[in-house]
Structures are given as structure tokens and as C-alpha cells.
Amino acid sequence: VVGEGWHKRAGGPHAEIHALAEAGDDARGGTAVVTLEPCNHTGRTGPCAQALLDAGISRVVYAVADPTPTAAGGAATLAAAGVDVAGGLLVEEAAAGNAAWLTAARLRRPHVHWKYAATLDGRTAAADGTSRWITSAASRADVHRLRAESDAVLVGSGTARADDPHLAVRGVSGATQPLRVVLDTRADAVTPGARVLDDAAPTVVFTAEDADARALEEAGAEVLRVPRAAEGPGLDLAAVLDALHRRDVRSVLLEGGATLAAAFLAAGLLDRVTGYVAPVLLGAGPAALADAGIGTIGDARRLTLIETVRLGPDLRITAVPHTTEEP
């Protein structure tokens, strides 16, 4: 190995450029192994296919074909220039590692990852509403890792009203703070002085188009208005995700409560689920997921388990829907 690289930020050099810079003249006659087909267009950066040709690379092995019409075709360009090209190596593993970007590229919306914490019998709080702390310190620290890996962290008005969450990353060295997003349909859950309005991280509050958001705007909040949901309460979730996608948000960590999670599930907008399950029994209290319109076992949303990890006394379980392959 004479050079390695990765795509460090949107608009910056792609992985190939970093690897070629590290390799220098040693790249000539070598093999480039990349997770994504080298791009074939000039956008905010130049075409990686041409950079590989200029460096004298003789063979390229890639995992996932580029799904974007503007950037695809790098493999064909390389092959036409006489480079030995092979694709599809370890495609599932590479796609799983790049799920957020691939979801955004294929579906034109962010990848939505729902995280929840619950007891062994599926309760997120006791009957009196108390919930601190169901899971261990190890699980709570791991949630901050998930936040740090996400472009945005999203909650609904119920969580904003009940918990006054902060939603910023703590305890992760070098983390870039995600965008904090609150869905506040009536513009009455996020009040002046709310923790989410401090300067620890940027915040956007989504409200209905007809909501009176003057108090929010006077408090310095950035307010984005979207249509209400066509059916039921709340906002049009597709419109929310579209607005976030246009802000270059590619991954959303959904930390909202049971009602918001059910709305995303019912809309077919959950791409990944992570549950932190504590060996605790309550017997009563709110469930992790509210009514999502599933009336019979035949309509249950089946998931594929992809990971289980022990965190202190707790278990972290991660799954993806059967019908939504981890991109």
C-alpha cells in the first residue's frame, strides 16, 4: 500500500485524490481499490477517473457503482483508456459503510436512523413519566457517537415540550455538531430559552405554514415552514426531509418519541433502527412505538438484524427493514 485516502467533507477532494497525493510517483502502474466507482464529472471537485488516468494507475477495483447520473460512468471512461476495471467486490459491506450518502443519492432524501431506549418489556418511561435513566451510562455515551456520525438530530414537539432536550454532541473528541431539528407544528413547543436554542450547535425549527412563529423568530430561531400532513396531525415528513436534503443533510438521527417514530414508519421513511434495551421491567408506561397503522401480524414491518452489541448491562440492537436494503 503506497497511498490511502477518504472523502473528508462535502465539496472537498474525494478519496482517490487524497490517496494519489500520498502515493505520489509510486501510484504509476499500481492498482486503486475504492468503495465507490470513481466519479466521471466536474462538480465541486474534478473527475476522479481522469485523476487516476493522469497518475498512471493500471487497474481499478471498486465496490459500488455510482448511482448519480452526473457522476456515473467513471468505470467506462477508465476501461476505454485501457485500464483494467473490476466492480462489485464486497459491495454489501461497502454499501453499508456508505449508507447515508447512497440513500440520499438514490432517493433524494436523507437516510433516517431511528434510535430509542427502552426496558426489556418495551417501555420508554414509567407510568408517572419518569425515564432517567433507563439505560446505562455506556449506552448514553454511545448515543452521542451516533449523533456525531449524523448530519442532523431530529425530535418532535412532544419530546421538545416534555424533555427540553439539548441534542448536541458531548464527549466525542473532534466531533462536528449536527444540525438540531425540531418539528413544532403549532410553534408552541420550543419556547424562548429552550436548550435547543443555545449556541452549542445550529438549530432549525419546522412549523406549519399557518403557525404563528413570531415568538420563535424573535428568540433567534431559524424557522422553516412546510405543509401539514395530508392525514393526521403533524407536518408533511416528506417535505421536511426534502428541505433538509436541500441543505446537504444526508443523514438524520431520529430521537423523537413514539408518535413521531410511528409517523416515519407509517410513511415508509425509516432506513435503520437502533434500540438500546436495558434489563429492566416496568409493566406500564409509554411504549417505544405508537400506532403506525399496523392492524394485523401479516402487516408487521419485518426487519433484518444486522448487529447486536453489549454495552455495559444493556444490549444495542440494530436492524434494517426487509424491503429497504442497507444501501
# chains A, B, ... in the order shown; residues from 1 in each chain; ligands from 1

$ residues_around --residues "segment 80-90 of chain A" --least-positions-apart "3" --cutoff "9 Å" --atoms "only C-alpha atoms" --output "list in words"
Thr35, Glu37, Leu53, Ile57, Ser58, Arg59, Val60, Val61, Tyr62, Ala63, Val64, Ala65, Ala75, Ala76, Thr77, Glu93, Ala94 and Ala95 of chain A

$ write_last_selection --atoms "all heavy atoms" --output "compact mmCIF listing (two decimals), in the first residue's frame"
# COMPACT_ATOMS: atom_id res chain seq x y z
N THR A 35 -14.20 2.14 -2.63
CA THR A 35 -15.52 1.65 -2.27
C THR A 35 -16.59 2.08 -3.26
O THR A 35 -17.58 1.39 -3.46
CB THR A 35 -15.92 2.14 -0.87
OG1 THR A 35 -15.80 3.56 -0.82
CG2 THR A 35 -15.02 1.52 0.19
N GLU A 37 -17.44 3.68 -7.24
CA GLU A 37 -16.94 3.90 -8.60
C GLU A 37 -16.39 5.32 -8.74
O GLU A 37 -17.05 6.29 -8.36
CB GLU A 37 -18.08 3.70 -9.59
CG GLU A 37 -17.72 3.97 -11.04
CD GLU A 37 -18.93 3.96 -11.95
OE1 GLU A 37 -20.06 3.83 -11.44
OE2 GLU A 37 -18.73 4.10 -13.18
N LEU A 53 -6.24 8.28 -14.25
CA LEU A 53 -5.53 8.14 -15.53
C LEU A 53 -4.26 8.97 -15.54
O LEU A 53 -3.19 8.50 -15.96
CB LEU A 53 -6.45 8.56 -16.69
CG LEU A 53 -7.64 7.65 -17.01
CD1 LEU A 53 -8.52 8.27 -18.08
CD2 LEU A 53 -7.15 6.27 -17.45
N ILE A 57 -2.44 4.95 -13.08
CA ILE A 57 -3.00 3.73 -12.49
C ILE A 57 -3.34 2.74 -13.61
O ILE A 57 -3.91 3.11 -14.64
CB ILE A 57 -4.26 4.07 -11.67
CG1 ILE A 57 -3.91 4.86 -10.41
CG2 ILE A 57 -5.05 2.82 -11.32
CD1 ILE A 57 -3.16 4.06 -9.37
N SER A 58 -2.98 1.47 -13.40
CA SER A 58 -3.22 0.47 -14.44
C SER A 58 -4.43 -0.41 -14.16
O SER A 58 -4.95 -1.06 -15.07
CB SER A 58 -1.98 -0.42 -14.61
OG SER A 58 -1.71 -1.13 -13.41
N ARG A 59 -4.89 -0.45 -12.90
CA ARG A 59 -6.04 -1.31 -12.56
C ARG A 59 -6.86 -0.61 -11.48
O ARG A 59 -6.31 -0.03 -10.55
CB ARG A 59 -5.56 -2.67 -12.06
CG ARG A 59 -6.70 -3.66 -11.76
CD ARG A 59 -6.17 -5.08 -11.56
NE ARG A 59 -7.25 -6.04 -11.40
CZ ARG A 59 -7.55 -6.65 -10.25
NH1 ARG A 59 -6.81 -6.41 -9.16
NH2 ARG A 59 -8.55 -7.50 -10.18
N VAL A 60 -8.19 -0.69 -11.62
CA VAL A 60 -9.10 -0.11 -10.63
C VAL A 60 -10.13 -1.16 -10.23
O VAL A 60 -10.77 -1.78 -11.08
CB VAL A 60 -9.83 1.13 -11.19
CG1 VAL A 60 -10.91 1.60 -10.22
CG2 VAL A 60 -8.84 2.26 -11.46
N VAL A 61 -10.25 -1.37 -8.93
CA VAL A 61 -11.25 -2.28 -8.37
C VAL A 61 -12.17 -1.45 -7.49
O VAL A 61 -11.71 -0.79 -6.56
CB VAL A 61 -10.59 -3.40 -7.55
CG1 VAL A 61 -11.65 -4.33 -6.97
CG2 VAL A 61 -9.62 -4.19 -8.40
N TYR A 62 -13.48 -1.47 -7.78
CA TYR A 62 -14.42 -0.70 -6.97
C TYR A 62 -15.55 -1.60 -6.49
O TYR A 62 -15.83 -2.65 -7.07
CB TYR A 62 -14.96 0.50 -7.75
CG TYR A 62 -15.88 0.16 -8.90
CD1 TYR A 62 -17.26 0.08 -8.73
CD2 TYR A 62 -15.37 -0.07 -10.18
CE1 TYR A 62 -18.10 -0.23 -9.78
CE2 TYR A 62 -16.20 -0.37 -11.25
CZ TYR A 62 -17.57 -0.45 -11.03
OH TYR A 62 -18.39 -0.76 -12.09
N ALA A 63 -16.22 -1.17 -5.41
CA ALA A 63 -17.30 -1.96 -4.83
C ALA A 63 -18.66 -1.58 -5.41
O ALA A 63 -19.32 -2.37 -6.05
CB ALA A 63 -17.30 -1.81 -3.30
N VAL A 64 -19.09 -0.33 -5.19
CA VAL A 64 -20.44 0.11 -5.51
C VAL A 64 -20.43 1.02 -6.73
O VAL A 64 -19.63 1.97 -6.79
CB VAL A 64 -21.06 0.87 -4.31
CG1 VAL A 64 -22.49 1.32 -4.63
CG2 VAL A 64 -21.03 0.01 -3.05
N ALA A 65 -21.29 0.76 -7.69
CA ALA A 65 -21.44 1.65 -8.84
C ALA A 65 -22.04 2.97 -8.39
O ALA A 65 -22.93 3.01 -7.54
CB ALA A 65 -22.33 1.00 -9.90
N ALA A 75 -16.11 4.15 -14.50
CA ALA A 75 -15.57 2.84 -14.85
C ALA A 75 -15.42 2.69 -16.36
O ALA A 75 -14.41 2.17 -16.85
CB ALA A 75 -16.46 1.74 -14.28
N ALA A 76 -16.42 3.15 -17.10
CA ALA A 76 -16.36 3.06 -18.56
C ALA A 76 -15.25 3.93 -19.13
O ALA A 76 -14.55 3.53 -20.07
CB ALA A 76 -17.71 3.46 -19.15
N THR A 77 -15.07 5.11 -18.56
CA THR A 77 -14.01 6.01 -19.02
C THR A 77 -12.64 5.38 -18.79
O THR A 77 -11.76 5.43 -19.67
CB THR A 77 -14.10 7.35 -18.27
OG1 THR A 77 -15.32 8.01 -18.65
CG2 THR A 77 -12.92 8.25 -18.59
N GLU A 93 -20.76 -4.86 1.97
CA GLU A 93 -20.02 -4.25 3.08
C GLU A 93 -19.73 -2.78 2.81
O GLU A 93 -19.87 -1.93 3.68
CB GLU A 93 -18.72 -5.02 3.33
CG GLU A 93 -18.90 -6.43 3.85
CD GLU A 93 -19.08 -7.47 2.74
OE1 GLU A 93 -19.37 -7.08 1.58
OE2 GLU A 93 -18.94 -8.67 3.03
N ALA A 94 -19.33 -2.50 1.58
CA ALA A 94 -19.02 -1.11 1.23
C ALA A 94 -20.27 -0.25 1.25
O ALA A 94 -20.24 0.90 1.71
CB ALA A 94 -18.37 -1.06 -0.15
N ALA A 95 -21.39 -0.77 0.79
CA ALA A 95 -22.64 -0.01 0.79
C ALA A 95 -23.11 0.28 2.20
O ALA A 95 -23.61 1.38 2.49
CB ALA A 95 -23.72 -0.77 0.01

$ select_by_dssp --residues "segment 60-250 of chain A" --states "strand (DSSP E)" --output "PDB file with N, CA, C and O atoms, in the first residue's frame"
ATOM      1  N   VAL A  60      -8.193  -0.687 -11.621  1.00  0.00           N
ATOM      2  CA  VAL A  60      -9.104  -0.110 -10.634  1.00  0.00           C
ATOM      3  C   VAL A  60     -10.126  -1.162 -10.227  1.00  0.00           C
ATOM      4  O   VAL A  60     -10.774  -1.776 -11.085  1.00  0.00           O
ATOM      5  N   VAL A  61     -10.246  -1.369  -8.929  1.00  0.00           N
ATOM      6  CA  VAL A  61     -11.246  -2.283  -8.374  1.00  0.00           C
ATOM      7  C   VAL A  61     -12.170  -1.453  -7.491  1.00  0.00           C
ATOM      8  O   VAL A  61     -11.705  -0.787  -6.562  1.00  0.00           O
ATOM      9  N   TYR A  62     -13.484  -1.472  -7.784  1.00  0.00           N
ATOM     10  CA  TYR A  62     -14.420  -0.695  -6.971  1.00  0.00           C
ATOM     11  C   TYR A  62     -15.554  -1.599  -6.488  1.00  0.00           C
ATOM     12  O   TYR A  62     -15.829  -2.647  -7.068  1.00  0.00           O
ATOM     13  N   ALA A  63     -16.218  -1.165  -5.409  1.00  0.00           N
ATOM     14  CA  ALA A  63     -17.295  -1.962  -4.833  1.00  0.00           C
ATOM     15  C   ALA A  63     -18.656  -1.580  -5.406  1.00  0.00           C
ATOM     16  O   ALA A  63     -19.322  -2.375  -6.052  1.00  0.00           O
ATOM     17  N   VAL A  64     -19.086  -0.328  -5.190  1.00  0.00           N
ATOM     18  CA  VAL A  64     -20.439   0.113  -5.506  1.00  0.00           C
ATOM     19  C   VAL A  64     -20.425   1.025  -6.728  1.00  0.00           C
ATOM     20  O   VAL A  64     -19.626   1.971  -6.793  1.00  0.00           O
ATOM     21  N   ASP A  84      -7.550  -1.736 -16.542  1.00  0.00           N
ATOM     22  CA  ASP A  84      -8.255  -2.962 -16.151  1.00  0.00           C
ATOM     23  C   ASP A  84      -9.204  -2.598 -15.010  1.00  0.00           C
ATOM     24  O   ASP A  84      -8.763  -2.166 -13.944  1.00  0.00           O
ATOM     25  N   VAL A  85     -10.516  -2.752 -15.227  1.00  0.00           N
ATOM     26  CA  VAL A  85     -11.518  -2.304 -14.252  1.00  0.00           C
ATOM     27  C   VAL A  85     -12.378  -3.481 -13.819  1.00  0.00           C
ATOM     28  O   VAL A  85     -12.846  -4.264 -14.646  1.00  0.00           O
ATOM     29  N   ALA A  86     -12.601  -3.600 -12.499  1.00  0.00           N
ATOM     30  CA  ALA A  86     -13.494  -4.626 -11.957  1.00  0.00           C
ATOM     31  C   ALA A  86     -14.383  -3.983 -10.901  1.00  0.00           C
ATOM     32  O   ALA A  86     -13.912  -3.171 -10.097  1.00  0.00           O
ATOM     33  N   GLY A  87     -15.670  -4.323 -10.904  1.00  0.00           N
ATOM     34  CA  GLY A  87     -16.608  -3.752  -9.943  1.00  0.00           C
ATOM     35  C   GLY A  87     -17.343  -4.827  -9.171  1.00  0.00           C
ATOM     36  O   GLY A  87     -17.368  -5.991  -9.562  1.00  0.00           O
ATOM     37  N   HIS A 111     -30.972   9.762   4.764  1.00  0.00           N
ATOM     38  CA  HIS A 111     -31.088   8.456   5.412  1.00  0.00           C
ATOM     39  C   HIS A 111     -31.591   8.695   6.837  1.00  0.00           C
ATOM     40  O   HIS A 111     -31.038   9.512   7.574  1.00  0.00           O
ATOM     41  N   VAL A 112     -32.673   8.003   7.239  1.00  0.00           N
ATOM     42  CA  VAL A 112     -33.288   8.219   8.541  1.00  0.00           C
ATOM     43  C   VAL A 112     -33.006   7.030   9.450  1.00  0.00           C
ATOM     44  O   VAL A 112     -33.375   5.890   9.141  1.00  0.00           O
ATOM     45  N   HIS A 113     -32.359   7.311  10.567  1.00  0.00           N
ATOM     46  CA  HIS A 113     -31.942   6.292  11.535  1.00  0.00           C
ATOM     47  C   HIS A 113     -32.675   6.572  12.847  1.00  0.00           C
ATOM     48  O   HIS A 113     -32.413   7.570  13.516  1.00  0.00           O
ATOM     49  N   TRP A 114     -33.629   5.702  13.196  1.00  0.00           N
ATOM     50  CA  TRP A 114     -34.392   5.889  14.438  1.00  0.00           C
ATOM     51  C   TRP A 114     -33.664   5.213  15.586  1.00  0.00           C
ATOM     52  O   TRP A 114     -33.352   4.031  15.530  1.00  0.00           O
ATOM     53  N   LYS A 115     -33.419   5.979  16.627  1.00  0.00           N
ATOM     54  CA  LYS A 115     -32.802   5.467  17.848  1.00  0.00           C
ATOM     55  C   LYS A 115     -33.790   5.596  19.003  1.00  0.00           C
ATOM     56  O   LYS A 115     -34.477   6.607  19.142  1.00  0.00           O
ATOM     57  N   TYR A 116     -33.897   4.554  19.809  1.00  0.00           N
ATOM     58  CA  TYR A 116     -34.730   4.651  21.008  1.00  0.00           C
ATOM     59  C   TYR A 116     -34.063   3.870  22.139  1.00  0.00           C
ATOM     60  O   TYR A 116     -33.181   3.035  21.909  1.00  0.00           O
ATOM     61  N   ALA A 117     -34.478   4.153  23.356  1.00  0.00           N
ATOM     62  CA  ALA A 117     -34.002   3.421  24.533  1.00  0.00           C
ATOM     63  C   ALA A 117     -35.224   2.919  25.284  1.00  0.00           C
ATOM     64  O   ALA A 117     -36.187   3.664  25.490  1.00  0.00           O
ATOM     65  N   ALA A 118     -35.201   1.653  25.686  1.00  0.00           N
ATOM     66  CA  ALA A 118     -36.384   1.071  26.313  1.00  0.00           C
ATOM     67  C   ALA A 118     -35.997  -0.032  27.292  1.00  0.00           C
ATOM     68  O   ALA A 118     -34.869  -0.531  27.291  1.00  0.00           O
ATOM     69  N   THR A 119     -36.967  -0.393  28.104  1.00  0.00           N
ATOM     70  CA  THR A 119     -36.804  -1.528  29.008  1.00  0.00           C
ATOM     71  C   THR A 119     -36.968  -2.828  28.225  1.00  0.00           C
ATOM     72  O   THR A 119     -37.357  -2.821  27.053  1.00  0.00           O
ATOM     73  N   ALA A 152     -27.783  15.524  11.110  1.00  0.00           N
ATOM     74  CA  ALA A 152     -28.852  16.200  11.847  1.00  0.00           C
ATOM     75  C   ALA A 152     -29.436  15.254  12.886  1.00  0.00           C
ATOM     76  O   ALA A 152     -29.456  14.036  12.699  1.00  0.00           O
ATOM     77  N   VAL A 153     -29.928  15.840  13.993  1.00  0.00           N
ATOM     78  CA  VAL A 153     -30.639  15.103  15.034  1.00  0.00           C
ATOM     79  C   VAL A 153     -32.032  15.708  15.127  1.00  0.00           C
ATOM     80  O   VAL A 153     -32.172  16.934  15.243  1.00  0.00           O
ATOM     81  N   LEU A 154     -33.067  14.871  15.065  1.00  0.00           N
ATOM     82  CA  LEU A 154     -34.438  15.360  14.914  1.00  0.00           C
ATOM     83  C   LEU A 154     -35.338  14.843  16.021  1.00  0.00           C
ATOM     84  O   LEU A 154     -35.322  13.651  16.353  1.00  0.00           O
ATOM     85  N   VAL A 155     -36.144  15.751  16.595  1.00  0.00           N
ATOM     86  CA  VAL A 155     -37.174  15.378  17.560  1.00  0.00           C
ATOM     87  C   VAL A 155     -38.463  16.094  17.199  1.00  0.00           C
ATOM     88  O   VAL A 155     -38.475  17.026  16.394  1.00  0.00           O
ATOM     89  N   GLY A 156     -39.557  15.671  17.830  1.00  0.00           N
ATOM     90  CA  GLY A 156     -40.844  16.298  17.607  1.00  0.00           C
ATOM     91  C   GLY A 156     -41.241  17.203  18.756  1.00  0.00           C
ATOM     92  O   GLY A 156     -40.505  17.366  19.739  1.00  0.00           O
ATOM     93  N   LEU A 179     -26.805  19.387  12.898  1.00  0.00           N
ATOM     94  CA  LEU A 179     -27.919  20.328  12.896  1.00  0.00           C
ATOM     95  C   LEU A 179     -29.002  19.793  13.823  1.00  0.00           C
ATOM     96  O   LEU A 179     -29.415  18.639  13.710  1.00  0.00           O
ATOM     97  N   ARG A 180     -29.466  20.613  14.744  1.00  0.00           N
ATOM     98  CA  ARG A 180     -30.559  20.217  15.635  1.00  0.00           C
ATOM     99  C   ARG A 180     -31.880  20.609  14.979  1.00  0.00           C
ATOM    100  O   ARG A 180     -32.054  21.763  14.585  1.00  0.00           O
ATOM    101  N   VAL A 181     -32.804  19.656  14.877  1.00  0.00           N
ATOM    102  CA  VAL A 181     -34.060  19.873  14.158  1.00  0.00           C
ATOM    103  C   VAL A 181     -35.224  19.521  15.071  1.00  0.00           C
ATOM    104  O   VAL A 181     -35.251  18.444  15.673  1.00  0.00           O
ATOM    105  N   VAL A 182     -36.172  20.443  15.175  1.00  0.00           N
ATOM    106  CA  VAL A 182     -37.382  20.197  15.951  1.00  0.00           C
ATOM    107  C   VAL A 182     -38.593  20.392  15.045  1.00  0.00           C
ATOM    108  O   VAL A 182     -38.692  21.402  14.350  1.00  0.00           O
ATOM    109  N   LEU A 183     -39.497  19.422  15.036  1.00  0.00           N
ATOM    110  CA  LEU A 183     -40.763  19.553  14.320  1.00  0.00           C
ATOM    111  C   LEU A 183     -41.798  20.074  15.310  1.00  0.00           C
ATOM    112  O   LEU A 183     -42.231  19.349  16.210  1.00  0.00           O
ATOM    113  N   THR A 203     -29.577  25.192  14.849  1.00  0.00           N
ATOM    114  CA  THR A 203     -30.905  24.627  15.075  1.00  0.00           C
ATOM    115  C   THR A 203     -31.883  25.150  14.033  1.00  0.00           C
ATOM    116  O   THR A 203     -31.851  26.330  13.684  1.00  0.00           O
ATOM    117  N   VAL A 204     -32.758  24.274  13.565  1.00  0.00           N
ATOM    118  CA  VAL A 204     -33.862  24.640  12.687  1.00  0.00           C
ATOM    119  C   VAL A 204     -35.146  24.125  13.312  1.00  0.00           C
ATOM    120  O   VAL A 204     -35.200  22.974  13.768  1.00  0.00           O
ATOM    121  N   VAL A 205     -36.169  24.975  13.352  1.00  0.00           N
ATOM    122  CA  VAL A 205     -37.477  24.567  13.849  1.00  0.00           C
ATOM    123  C   VAL A 205     -38.453  24.591  12.679  1.00  0.00           C
ATOM    124  O   VAL A 205     -38.653  25.628  12.039  1.00  0.00           O
ATOM    125  N   PHE A 206     -39.052  23.432  12.384  1.00  0.00           N
ATOM    126  CA  PHE A 206     -40.059  23.335  11.331  1.00  0.00           C
ATOM    127  C   PHE A 206     -41.438  23.581  11.935  1.00  0.00           C
ATOM    128  O   PHE A 206     -41.788  22.985  12.976  1.00  0.00           O
ATOM    129  N   THR A 207     -42.217  24.430  11.301  1.00  0.00           N
ATOM    130  CA  THR A 207     -43.577  24.687  11.745  1.00  0.00           C
ATOM    131  C   THR A 207     -44.521  24.564  10.554  1.00  0.00           C
ATOM    132  O   THR A 207     -44.099  24.534   9.395  1.00  0.00           O
ATOM    133  N   ALA A 208     -45.805  24.513  10.864  1.00  0.00           N
ATOM    134  CA  ALA A 208     -46.808  24.537   9.799  1.00  0.00           C
ATOM    135  C   ALA A 208     -46.821  25.907   9.140  1.00  0.00           C
ATOM    136  O   ALA A 208     -46.445  26.915   9.744  1.00  0.00           O
ATOM    137  N   GLU A 222     -34.129  29.780  13.724  1.00  0.00           N
ATOM    138  CA  GLU A 222     -34.367  29.685  12.284  1.00  0.00           C
ATOM    139  C   GLU A 222     -35.623  28.846  12.084  1.00  0.00           C
ATOM    140  O   GLU A 222     -35.669  27.682  12.504  1.00  0.00           O
ATOM    141  N   VAL A 223     -36.615  29.415  11.464  1.00  0.00           N
ATOM    142  CA  VAL A 223     -37.901  28.746  11.285  1.00  0.00           C
ATOM    143  C   VAL A 223     -38.109  28.429   9.804  1.00  0.00           C
ATOM    144  O   VAL A 223     -37.944  29.293   8.941  1.00  0.00           O
ATOM    145  N   LEU A 224     -38.437  27.175   9.533  1.00  0.00           N
ATOM    146  CA  LEU A 224     -38.786  26.753   8.178  1.00  0.00           C
ATOM    147  C   LEU A 224     -40.226  26.260   8.193  1.00  0.00           C
ATOM    148  O   LEU A 224     -40.604  25.450   9.039  1.00  0.00           O
ATOM    149  N   ARG A 225     -41.019  26.746   7.254  1.00  0.00           N
ATOM    150  CA  ARG A 225     -42.428  26.380   7.195  1.00  0.00           C
ATOM    151  C   ARG A 225     -42.664  25.339   6.100  1.00  0.00           C
ATOM    152  O   ARG A 225     -42.169  25.496   4.986  1.00  0.00           O
ATOM    153  N   VAL A 226     -43.409  24.294   6.448  1.00  0.00           N
ATOM    154  CA  VAL A 226     -43.747  23.247   5.489  1.00  0.00           C
ATOM    155  C   VAL A 226     -45.230  22.922   5.628  1.00  0.00           C
ATOM    156  O   VAL A 226     -45.864  23.274   6.633  1.00  0.00           O
TER     157      VAL A 226
END

$ closest_residue --among "A:Ala96, A:Val273, A:Leu281, A:Ala72" --to "Leu146 of chain A" --atoms "only C-alpha atoms"
A:Val273

$ closest_residue --among "A:Ala27, A:Ala148, A:Leu260, A:Ala10" --to "Gly43 of chain A" --atoms "only C-alpha atoms"
A:Ala10

$ closest_residue --among "A:Glu92, A:Glu209, A:Ala21, A:Arg123" --to "Ile306 of chain A" --atoms "only C-alpha atoms"
A:Glu92

$ residues_around --residues "His144 of chain A" --least-positions-apart "3" --cutoff "8 Å" --atoms "only C-alpha atoms" --output "list in words"
Arg140, Ala141, Arg147, Ala148, Val169, Arg170, Gly171 and Val172 of chain A

$ closest_atom_pairs --of "segment 127-171 of chain A" --to "segment 283-305 of chain A" --cutoff "12 Å" --atoms "only C-alpha atoms" --output "Markdown table"
| residue | atom | partner | partner_atom | distance |
| --- | --- | --- | --- | --- |
| A:Ala127 | CA | A:Gly285 | CA | 4.0 |
| A:Asp128 | CA | A:Gly285 | CA | 7.4 |
| A:Gly129 | CA | A:Gly285 | CA | 7.2 |
| A:Thr130 | CA | A:Gly285 | CA | 9.2 |
| A:Ser131 | CA | A:Gly285 | CA | 9.7 |

$ write_last_selection --atoms "N, CA and C atoms" --output "short mmCIF file (atom, residue, chain, number, x, y, z; two decimals), in the first residue's frame"
data_model
loop_
_atom_site.label_atom_id
_atom_site.label_comp_id
_atom_site.auth_asym_id
_atom_site.auth_seq_id
_atom_site.Cartn_x
_atom_site.Cartn_y
_atom_site.Cartn_z
N ALA A 127 -44.85 4.70 34.46
CA ALA A 127 -46.23 5.17 34.37
C ALA A 127 -46.35 6.63 34.78
N ASP A 128 -45.46 7.10 35.66
CA ASP A 128 -45.52 8.50 36.09
C ASP A 128 -44.74 9.44 35.18
N GLY A 129 -44.16 8.89 34.08
CA GLY A 129 -43.44 9.70 33.12
C GLY A 129 -41.95 9.77 33.34
N THR A 130 -41.45 9.28 34.46
CA THR A 130 -40.01 9.33 34.71
C THR A 130 -39.28 8.35 33.80
N SER A 131 -38.10 8.79 33.28
CA SER A 131 -37.36 7.93 32.36
C SER A 131 -35.85 8.00 32.57
#

$ residues_around --residues "Gly234 of chain A" --least-positions-apart "3" --cutoff "8 Å" --atoms "only C-alpha atoms" --output "list in words"
Thr185, Arg228 and Ala229 of chain A

$ closest_residue --among "A:Leu253, A:Trp101, A:Arg145, A:Ala125" --to "Ser173 of chain A" --atoms "only C-alpha atoms"
A:Arg145

$ residues_around --residues "Thr308 of chain A" --least-positions-apart "3" --cutoff "7 Å" --atoms "only C-alpha atoms" --output "list in words"
Leu315, Arg316, Ile317 and Thr318 of chain A

$ write_last_selection --atoms "all heavy atoms" --output "PDB file, in the first residue's frame"
ATOM      1  N   LEU A 315     -28.135  -3.935  25.899  1.00  0.00           N
ATOM      2  CA  LEU A 315     -27.903  -4.513  24.582  1.00  0.00           C
ATOM      3  C   LEU A 315     -28.305  -3.491  23.532  1.00  0.00           C
ATOM      4  O   LEU A 315     -29.394  -2.910  23.597  1.00  0.00           O
ATOM      5  CB  LEU A 315     -28.740  -5.778  24.401  1.00  0.00           C
ATOM      6  CG  LEU A 315     -28.426  -6.653  23.173  1.00  0.00           C
ATOM      7  CD1 LEU A 315     -27.027  -7.225  23.264  1.00  0.00           C
ATOM      8  CD2 LEU A 315     -29.460  -7.773  23.050  1.00  0.00           C
ATOM      9  N   ARG A 316     -27.391  -3.226  22.576  1.00  0.00           N
ATOM     10  CA  ARG A 316     -27.719  -2.369  21.433  1.00  0.00           C
ATOM     11  C   ARG A 316     -28.044  -3.258  20.252  1.00  0.00           C
ATOM     12  O   ARG A 316     -27.234  -4.083  19.832  1.00  0.00           O
ATOM     13  CB  ARG A 316     -26.537  -1.455  21.085  1.00  0.00           C
ATOM     14  CG  ARG A 316     -26.872  -0.451  19.960  1.00  0.00           C
ATOM     15  CD  ARG A 316     -25.648   0.352  19.565  1.00  0.00           C
ATOM     16  NE  ARG A 316     -24.705  -0.454  18.789  1.00  0.00           N
ATOM     17  CZ  ARG A 316     -23.387  -0.260  18.759  1.00  0.00           C
ATOM     18  NH1 ARG A 316     -22.842   0.698  19.481  1.00  0.00           N
ATOM     19  NH2 ARG A 316     -22.613  -1.033  18.027  1.00  0.00           N
ATOM     20  N   ILE A 317     -29.254  -3.106  19.712  1.00  0.00           N
ATOM     21  CA  ILE A 317     -29.742  -3.927  18.605  1.00  0.00           C
ATOM     22  C   ILE A 317     -29.979  -3.028  17.398  1.00  0.00           C
ATOM     23  O   ILE A 317     -30.682  -2.024  17.502  1.00  0.00           O
ATOM     24  CB  ILE A 317     -31.048  -4.650  18.986  1.00  0.00           C
ATOM     25  CG1 ILE A 317     -30.836  -5.518  20.233  1.00  0.00           C
ATOM     26  CG2 ILE A 317     -31.557  -5.502  17.822  1.00  0.00           C
ATOM     27  CD1 ILE A 317     -32.116  -6.098  20.796  1.00  0.00           C
ATOM     28  N   THR A 318     -29.406  -3.386  16.264  1.00  0.00           N
ATOM     29  CA  THR A 318     -29.554  -2.585  15.051  1.00  0.00           C
ATOM     30  C   THR A 318     -30.152  -3.446  13.944  1.00  0.00           C
ATOM     31  O   THR A 318     -29.730  -4.587  13.734  1.00  0.00           O
ATOM     32  CB  THR A 318     -28.205  -2.004  14.598  1.00  0.00           C
ATOM     33  OG1 THR A 318     -27.643  -1.241  15.667  1.00  0.00           O
ATOM     34  CG2 THR A 318     -28.380  -1.096  13.394  1.00  0.00           C
TER      35      THR A 318
END

$ decode --residues "segment 125-143 of chain A" --atoms "C-alpha atoms" --output "mmCIF file, in the first residue's frame"
data_model
loop_
_atom_site.group_PDB
_atom_site.id
_atom_site.type_symbol
_atom_site.label_atom_id
_atom_site.label_comp_id
_atom_site.auth_asym_id
_atom_site.auth_seq_id
_atom_site.Cartn_x
_atom_site.Cartn_y
_atom_site.Cartn_z
ATOM 1 C CA ALA A 125 -40.671 5.628 30.698
ATOM 2 C CA ALA A 126 -42.504 4.635 33.868
ATOM 3 C CA ALA A 127 -46.227 5.171 34.368
ATOM 4 C CA ASP A 128 -45.523 8.502 36.089
ATOM 5 C CA GLY A 129 -43.436 9.700 33.117
ATOM 6 C CA THR A 130 -40.009 9.328 34.709
ATOM 7 C CA SER A 131 -37.357 7.932 32.355
ATOM 8 C CA ARG A 132 -33.922 8.958 33.706
ATOM 9 C CA TRP A 133 -32.179 6.717 33.476
ATOM 10 C CA ILE A 134 -33.499 3.541 31.882
ATOM 11 C CA THR A 135 -30.253 2.695 30.123
ATOM 12 C CA SER A 136 -26.684 2.800 31.370
ATOM 13 C CA ALA A 137 -24.020 5.473 31.055
ATOM 14 C CA ALA A 138 -22.347 3.326 28.377
ATOM 15 C CA SER A 139 -25.488 3.395 26.227
ATOM 16 C CA ARG A 140 -25.965 7.122 26.699
ATOM 17 C CA ALA A 141 -22.364 7.753 25.656
ATOM 18 C CA ASP A 142 -22.931 5.614 22.566
ATOM 19 C CA VAL A 143 -25.887 7.804 21.577
#
